[in-house]
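J.: Sending over structure.pdb (PDB, C-alpha atoms).
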ATOM      1  CA  MET Q  30       0.000   0.000   0.000
ATOM      2  CA  PRO Q  31       2.725   2.581   0.754
ATOM      3  CA  LEU Q  32       4.283   2.071  -2.694
ATOM      4  CA  LEU Q  33       0.903   2.641  -4.339
ATOM      5  CA  ALA Q  34       0.512   5.778  -2.238
ATOM      6  CA  LEU Q  35       3.945   7.032  -3.211
ATOM      7  CA  THR Q  36       3.212   6.541  -6.905
ATOM      8  CA  GLY Q  37      -0.123   8.383  -6.699
ATOM      9  CA  HIS Q  38      -2.475   5.427  -7.019
ATOM     10  CA  ALA Q  39      -5.038   6.124  -4.305
ATOM     11  CA  GLY Q  40      -7.700   3.858  -5.808
ATOM     12  CA  PRO Q  41      -5.560   0.706  -5.992
ATOM     13  CA  ALA Q  42      -4.135   1.422  -2.520
ATOM     14  CA  ALA Q  43      -7.623   1.689  -1.053
ATOM     15  CA  ALA Q  44      -8.638  -1.455  -2.961
ATOM     16  CA  GLN Q  45      -5.727  -3.333  -1.418
ATOM     17  CA  VAL Q  46      -6.889  -2.408   2.081
ATOM     18  CA  ALA Q  47     -10.467  -3.324   1.178
ATOM     19  CA  GLY Q  48      -9.333  -6.735  -0.100
ATOM     20  CA  HIS Q  49      -7.364  -7.433   3.052
ATOM     21  CA  ARG Q  50     -10.288  -6.322   5.205
ATOM     22  CA  GLU Q  51     -12.712  -8.547   3.309
ATOM     23  CA  ARG Q  52     -10.532 -11.640   3.690
ATOM     24  CA  LEU Q  53      -8.705 -11.135   6.976
ATOM     25  CA  HIS Q  54     -10.474  -8.623   9.221
ATOM     26  CA  ASP Q  55     -12.759  -9.847  11.998
ATOM     27  CA  SER Q  56     -15.218  -7.034  12.716
ATOM     28  CA  ARG Q  57     -16.134  -8.625  16.076
ATOM     29  CA  THR Q  58     -12.592  -8.343  17.479
ATOM     30  CA  GLY Q  59     -11.263  -5.544  15.264
ATOM     31  CA  LEU Q  60      -8.228  -7.718  14.490
ATOM     32  CA  TYR Q  61      -6.762  -9.293  11.366
ATOM     33  CA  ALA Q  62      -6.123 -12.993  10.843
ATOM     34  CA  ALA Q  63      -2.601 -13.874   9.787
ATOM     35  CA  ARG Q  64      -2.991 -15.384   6.337
ATOM     36  CA  TRP Q  65      -5.534 -16.151   3.616
ATOM     37  CA  ASP Q  66      -5.277 -18.930   1.026
ATOM     38  CA  GLU Q  67      -6.802 -17.567  -2.179
ATOM     39  CA  ASP Q  68      -6.759 -20.950  -3.942
ATOM     40  CA  ARG Q  69      -8.806 -22.581  -1.178
ATOM     41  CA  GLY Q  70     -10.838 -19.441  -0.452
ATOM     42  CA  GLU Q  71     -10.268 -19.669   3.291
ATOM     43  CA  LEU Q  72      -8.060 -18.538   6.121
ATOM     44  CA  ASP Q  73      -4.786 -20.423   6.258
ATOM     45  CA  ARG Q  74      -3.711 -19.004   9.630
ATOM     46  CA  PRO Q  75      -6.833 -17.686  11.350
ATOM     47  CA  GLY Q  76      -5.160 -16.451  14.540
ATOM     48  CA  PRO Q  77      -4.574 -12.707  14.913
ATOM     49  CA  TRP Q  78      -0.786 -12.550  14.458
ATOM     50  CA  GLY Q  79       0.462  -9.474  16.300
ATOM     51  CA  THR Q  80       3.041  -8.495  13.710
ATOM     52  CA  GLY Q  81       0.483  -8.843  10.921
ATOM     53  CA  ASN Q  82      -1.877  -6.470  12.707
ATOM     54  CA  GLY Q  83       1.061  -4.122  13.230
ATOM     55  CA  TRP Q  84       1.837  -4.167   9.518
ATOM     56  CA  VAL Q  85      -1.777  -3.233   8.738
ATOM     57  CA  VAL Q  86      -1.679  -0.052  10.822
ATOM     58  CA  ALA Q  87       1.921   0.785   9.903
ATOM     59  CA  GLY Q  88       1.108   0.404   6.208
ATOM     60  CA  ILE Q  89      -1.891   2.690   6.506
ATOM     61  CA  ALA Q  90       0.126   5.248   8.490
ATOM     62  CA  ARG Q  91       2.946   5.231   5.943
ATOM     63  CA  ALA Q  92       0.529   5.515   3.017
ATOM     64  CA  LEU Q  93      -1.280   8.460   4.603
ATOM     65  CA  ARG Q  94       2.077  10.157   5.188
ATOM     66  CA  LEU Q  95       3.207   9.576   1.603
ATOM     67  CA  ALA Q  96      -0.076  10.724   0.052
ATOM     68  CA  PRO Q  97      -1.307  13.859   1.833
ATOM     69  CA  TYR Q  98      -3.233  14.813  -1.335
ATOM     70  CA  TRP Q  99      -5.648  11.880  -1.133
ATOM     71  CA  PRO Q 100      -9.334  12.820  -0.905
ATOM     72  CA  ALA Q 101     -10.457  13.657   2.637
ATOM     73  CA  PRO Q 102     -13.117  10.889   2.819
ATOM     74  CA  LEU Q 103     -10.550   8.207   1.897
ATOM     75  CA  ARG Q 104      -8.007   9.585   4.392
ATOM     76  CA  ALA Q 105     -10.655   9.692   7.123
ATOM     77  CA  GLU Q 106     -11.786   6.125   6.428
ATOM     78  CA  LEU Q 107      -8.236   4.750   6.482
ATOM     79  CA  ALA Q 108      -7.274   6.756   9.574
ATOM     80  CA  GLY Q 109     -10.385   5.578  11.395
ATOM     81  CA  HIS Q 110      -9.667   1.967  10.500
ATOM     82  CA  ALA Q 111      -6.064   2.277  11.680
ATOM     83  CA  GLU Q 112      -7.240   3.680  15.013
ATOM     84  CA  GLU Q 113      -9.773   0.835  15.341
ATOM     85  CA  VAL Q 114      -7.069  -1.809  14.833
ATOM     86  CA  LEU Q 115      -4.632   0.006  17.152
ATOM     87  CA  THR Q 116      -7.266   0.090  19.878
ATOM     88  CA  ALA Q 117      -8.168  -3.583  19.372
ATOM     89  CA  CYS Q 118      -4.511  -4.626  19.622
ATOM     90  CA  LEU Q 119      -3.901  -2.695  22.836
ATOM     91  CA  ALA Q 120      -6.397  -4.932  24.636
ATOM     92  CA  TYR Q 121      -3.769  -7.721  24.415
ATOM     93  CA  ARG Q 122      -0.817  -5.724  25.703
ATOM     94  CA  GLY Q 123       0.859  -7.241  28.752
ATOM     95  CA  ALA Q 124       2.429  -5.680  31.834
ATOM     96  CA  ASP Q 125       5.826  -5.751  30.074
ATOM     97  CA  GLY Q 126       4.392  -3.463  27.367
ATOM     98  CA  LEU Q 127       4.609  -6.195  24.724
ATOM     99  CA  PHE Q 128       2.158  -8.584  23.088
ATOM    100  CA  PRO Q 129       1.800 -12.322  22.580
ATOM    101  CA  ASP Q 130       2.956 -13.384  19.102
ATOM    102  CA  VAL Q 131      -0.651 -14.445  18.438
ATOM    103  CA  LEU Q 132      -2.588 -11.698  20.157
ATOM    104  CA  ASP Q 133      -5.369 -13.792  21.654
ATOM    105  CA  ASP Q 134      -3.069 -16.668  22.668
ATOM    106  CA  PRO Q 135      -1.126 -15.752  25.821
ATOM    107  CA  GLY Q 136       0.748 -19.066  25.506
ATOM    108  CA  THR Q 137       2.686 -17.785  22.493
ATOM    109  CA  PHE Q 138       6.016 -16.020  23.024
ATOM    110  CA  ARG Q 139       6.236 -12.331  23.973
ATOM    111  CA  GLU Q 140       6.924 -10.451  20.744
ATOM    112  CA  ALA Q 141       8.513  -6.991  20.408
ATOM    113  CA  ASN Q 142       7.981  -6.002  16.778
ATOM    114  CA  THR Q 143       4.221  -5.671  17.241
ATOM    115  CA  ALA Q 144       4.912  -2.884  19.742
ATOM    116  CA  GLN Q 145       7.288  -1.169  17.312
ATOM    117  CA  LEU Q 146       4.804  -1.279  14.444
ATOM    118  CA  LEU Q 147       1.904  -0.056  16.572
ATOM    119  CA  GLY Q 148       4.136   2.641  18.085
ATOM    120  CA  TYR Q 149       5.213   3.795  14.623
ATOM    121  CA  ALA Q 150       1.588   4.044  13.475
ATOM    122  CA  ALA Q 151       0.425   5.889  16.590
ATOM    123  CA  LEU Q 152       3.283   8.393  16.462
ATOM    124  CA  THR Q 153       2.924   8.950  12.715
ATOM    125  CA  GLY Q 154      -0.801   9.551  13.220
ATOM    126  CA  VAL Q 155      -0.034  12.167  15.882
ATOM    127  CA  ALA Q 156       2.660  13.828  13.763
ATOM    128  CA  ASP Q 157       0.384  13.984  10.731
ATOM    129  CA  GLY Q 158      -2.719  15.044  12.655
ATOM    130  CA  TRP Q 159      -5.028  12.114  12.023
ATOM    131  CA  LEU Q 160      -4.735  10.797  15.581
ATOM    132  CA  PRO Q 161      -5.233  12.924  18.695
ATOM    133  CA  ARG Q 162      -2.310  13.923  20.881
ATOM    134  CA  SER Q 163      -3.284  11.297  23.474
ATOM    135  CA  TRP Q 164      -1.788   8.657  21.171
ATOM    136  CA  PHE Q 165       1.682  10.196  21.597
ATOM    137  CA  ASP Q 166       2.198   8.701  25.056
ATOM    138  CA  VAL Q 167       0.902   5.330  23.884
ATOM    139  CA  GLY Q 168       3.243   5.296  20.883
ATOM    140  CA  ALA Q 169       6.282   6.417  22.880
ATOM    141  CA  ASP Q 170       5.579   3.791  25.548
ATOM    142  CA  LEU Q 171       5.244   1.053  22.916
ATOM    143  CA  LEU Q 172       8.650   1.963  21.470
ATOM    144  CA  ALA Q 173      10.191   2.038  24.941
ATOM    145  CA  ALA Q 174       8.873  -1.463  25.670
ATOM    146  CA  ALA Q 175      10.391  -2.810  22.459
ATOM    147  CA  GLY Q 176      13.594  -0.886  23.180
ATOM    148  CA  ARG Q 177      14.129  -3.000  26.271
ATOM    149  CA  ARG Q 178      14.647  -5.907  23.865
ATOM    150  CA  VAL Q 179      17.589  -4.294  22.028
ATOM    151  CA  ASP Q 180      20.757  -6.257  22.738
ATOM    152  CA  GLY Q 181      24.383  -5.111  22.983
ATOM    153  CA  TYR Q 182      24.766  -5.396  19.201
ATOM    154  CA  GLY Q 183      21.789  -3.133  18.542
ATOM    155  CA  ARG Q 184      19.532  -5.982  17.438
ATOM    156  CA  VAL Q 185      15.881  -6.021  18.414
ATOM    157  CA  THR Q 186      15.447  -9.473  19.938
ATOM    158  CA  GLY Q 187      12.359 -11.453  20.803
ATOM    159  CA  VAL Q 188      10.619 -10.680  17.525
ATOM    160  CA  SER Q 189       9.096 -13.095  15.048
ATOM    161  CA  GLY Q 190      12.422 -14.263  13.696
ATOM    162  CA  ALA Q 191      13.494 -14.558  10.100
ATOM    163  CA  PRO Q 192      13.263 -16.493   7.901
ATOM    164  CA  ASP Q 193       9.952 -18.189   8.790
ATOM    165  CA  PHE Q 194       8.676 -15.844  11.559
ATOM    166  CA  ALA Q 195       7.409 -18.799  13.608
ATOM    167  CA  ALA Q 196       9.691 -18.480  16.645
ATOM    168  CA  PRO Q 197      11.406 -15.708  18.594
ATOM    169  CA  GLY Q 198      14.592 -14.354  17.079
ATOM    170  CA  THR Q 199      15.716 -11.346  15.061
ATOM    171  CA  SER Q 200      14.815 -10.066  11.614
ATOM    172  CA  PRO Q 201      15.776  -7.295   9.196
ATOM    173  CA  GLU Q 202      12.117  -6.220   9.269
ATOM    174  CA  ALA Q 203      12.233  -5.644  13.019
ATOM    175  CA  GLN Q 204      15.422  -3.607  12.633
ATOM    176  CA  ALA Q 205      13.735  -1.443  10.002
ATOM    177  CA  CYS Q 206      10.678  -0.997  12.240
ATOM    178  CA  HIS Q 207      12.951   0.102  15.086
ATOM    179  CA  LEU Q 208      14.387   2.870  12.898
ATOM    180  CA  LEU Q 209      10.986   3.870  11.514
ATOM    181  CA  GLY Q 210       9.533   3.992  15.013
ATOM    182  CA  HIS Q 211      12.226   6.301  16.333
ATOM    183  CA  ALA Q 212      11.967   8.565  13.288
ATOM    184  CA  ALA Q 213       8.203   8.764  13.932
ATOM    185  CA  LEU Q 214       8.879   9.595  17.589
ATOM    186  CA  ARG Q 215      11.016  12.578  16.525
ATOM    187  CA  SER Q 216       8.399  13.714  14.015
ATOM    188  CA  ALA Q 217       5.650  13.516  16.615
ATOM    189  CA  GLN Q 218       7.759  15.397  19.172
ATOM    190  CA  ASP Q 219       8.457  18.117  16.597
ATOM    191  CA  SER Q 220       4.776  18.389  15.694
ATOM    192  CA  LEU Q 221       3.840  18.888  19.351
ATOM    193  CA  SER Q 222       6.598  21.379  20.162
ATOM    194  CA  PRO Q 223       5.503  25.006  20.289
ATOM    195  CA  GLY Q 224       7.082  27.324  17.756
TER     196      GLY Q 224
END
Starting from the coordinates I provided, produce the structure as structure tokens.

T.:
Amino acid sequence: MPLLALTGHAGPAAAQVAGHRERLHDSRTGLYAARWDEDRGELDRPGPWGTGNGWVVAGIARALRLAPYWPAPLRAELAGHAEEVLTACLAYRGADGLFPDVLDDPGTFREANTAQLLGYAALTGVADGWLPRSWFDVGADLLAAAGRRVDGYGRVTGVSGAPDFAAPGTSPEAQACHLLGHAALRSAQDSLSPG
């Protein structure tokens, strides 16, 4: 979706979100299932994978940032959906500030990249004005929780690890989300600073 936004294709970007919502979004919980099998026409991984939900809101946040010219009704719909998913995810946040790998399964490992992705989206929403200021503290706290998982080499640990994302480890994606999250934190701080 962000690439479509960057290249000026609002319609296809919105269609991509609509397709994902139709196949993966559970309106009862506000969460997304992990994976759909188009050939079989059914969910392949029905559980709400934390990182997958994080990618939904991060993708919307990045697209809205890259395409400020999109029509107001489309921006409002996407922003509202991102806030809905953010809010739904926060219900599964633990005392350590992190989330189970599968949000509604507390028996899965504690995962840090979900917090980074949700933090990035919340802070980008504040910086760009489509989320209220109250999301700043939430986003900053999410990044801080994930930051406690950074090791002495600067790697974010305890994320869905590459290459199969089925067990805790490290991943290039989590490293990128760490950088994006901290850039969003600076942008949000700048947007809230007087002057």

J.: Check the smallest atom-to-atom distance from each of Q:Ala173, Q:Leu115, Q:Ala203, Q:Leu209 to Q:Gly187 using only C-alpha atoms, then report the winner.

T.: Q:Ala203

J.: Mind pulling up the distance from atom CA of Q:Leu107 to atom CA of Q:Phe165?

T.: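 Pair atom CA of Q:Phe165 / atom CA of Q:Leu107 returns 18.9 Å.
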
J.: Please report the interatomic distance between atom CA of Q:Gly154 and atom CA of Q:Pro197 in Å with one decimal.

T.: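 About the pair atom CA of Q:Gly154 and atom CA of Q:Pro197: they are 28.6 Å apart.
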
J.: Please evaluate the PyMOL selection byres ((chain Q and resi 95) around 10) against the displayed coordinates and give the resulting residues as a PyMOL selection string.

T.: chain Q and resi 31-37+89-94+96-99

J.: Check which residues satisfy the PyMOL selection byres ((chain Q and resi 112) around 12) in the file shown, then give them as a VMD selection string.

T.: chain Q and resid 59 to 60 82 to 83 85 to 87 89 to 90 105 to 111 113 to 119 147 to 148 150 to 155 159 to 161 164

J.: Pick from Q:Ala47, Q:Ala141, Q:Ala101, Q:Ala42: nearest to Q:Ala175, with all atoms listed in the file counted?

T.: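 Once distances to Q:Ala175 are computed over all atoms listed in the file, the minimum belongs to Q:Ala141.
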
J.: Would you please work out which residue, of Q:Pro77, Q:Pro100, Q:Gly88, Q:Gly70, is nearest to Q:Phe128 when using all atoms listed in the file?

T.: Q:Pro77

J.: Name the residues that the PyMOL selection byres ((chain Q and resi 51) around 12) picks from the file above, as an MDAnalysis selection string, using the file's chain letters and numbers.

T.: chainID Q and resid 44:50 52:56 61:62 65 70:72

J.: Here is a test: counting all atoms listed in the file, which residue of Q:Pro129, Q:Gly40, Q:Gly176, Q:Gly158 is nearest to Q:Ser189?

T.: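 Closest to Q:Ser189, using all atoms listed in the file: Q:Pro129.
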
J.: Skip Q:Arg64 itself and residues of its chain fewer than 3 positions away, then list as a list in words all residues within 7 Å of it, counting only C-alpha atoms.

T.: Leu72, Asp73, Arg74 and Pro75 of chain Q

J.: Which one is closest to Q:Ser216: Q:Asp157, Q:Asp66, Q:Asp125, Q:Val185? Count all atoms listed in the file.

T.: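 Among the listed residues, Q:Asp157 lies closest to Q:Ser216.
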
J.: Point out the residue among Q:Arg104, Q:His207, Q:Arg162, Q:Arg69 with the least atom-to-atom distance to Q:Thr143, counting all atoms listed in the file.

T.: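 So, comparing all the options, the nearest one is Q:His207.
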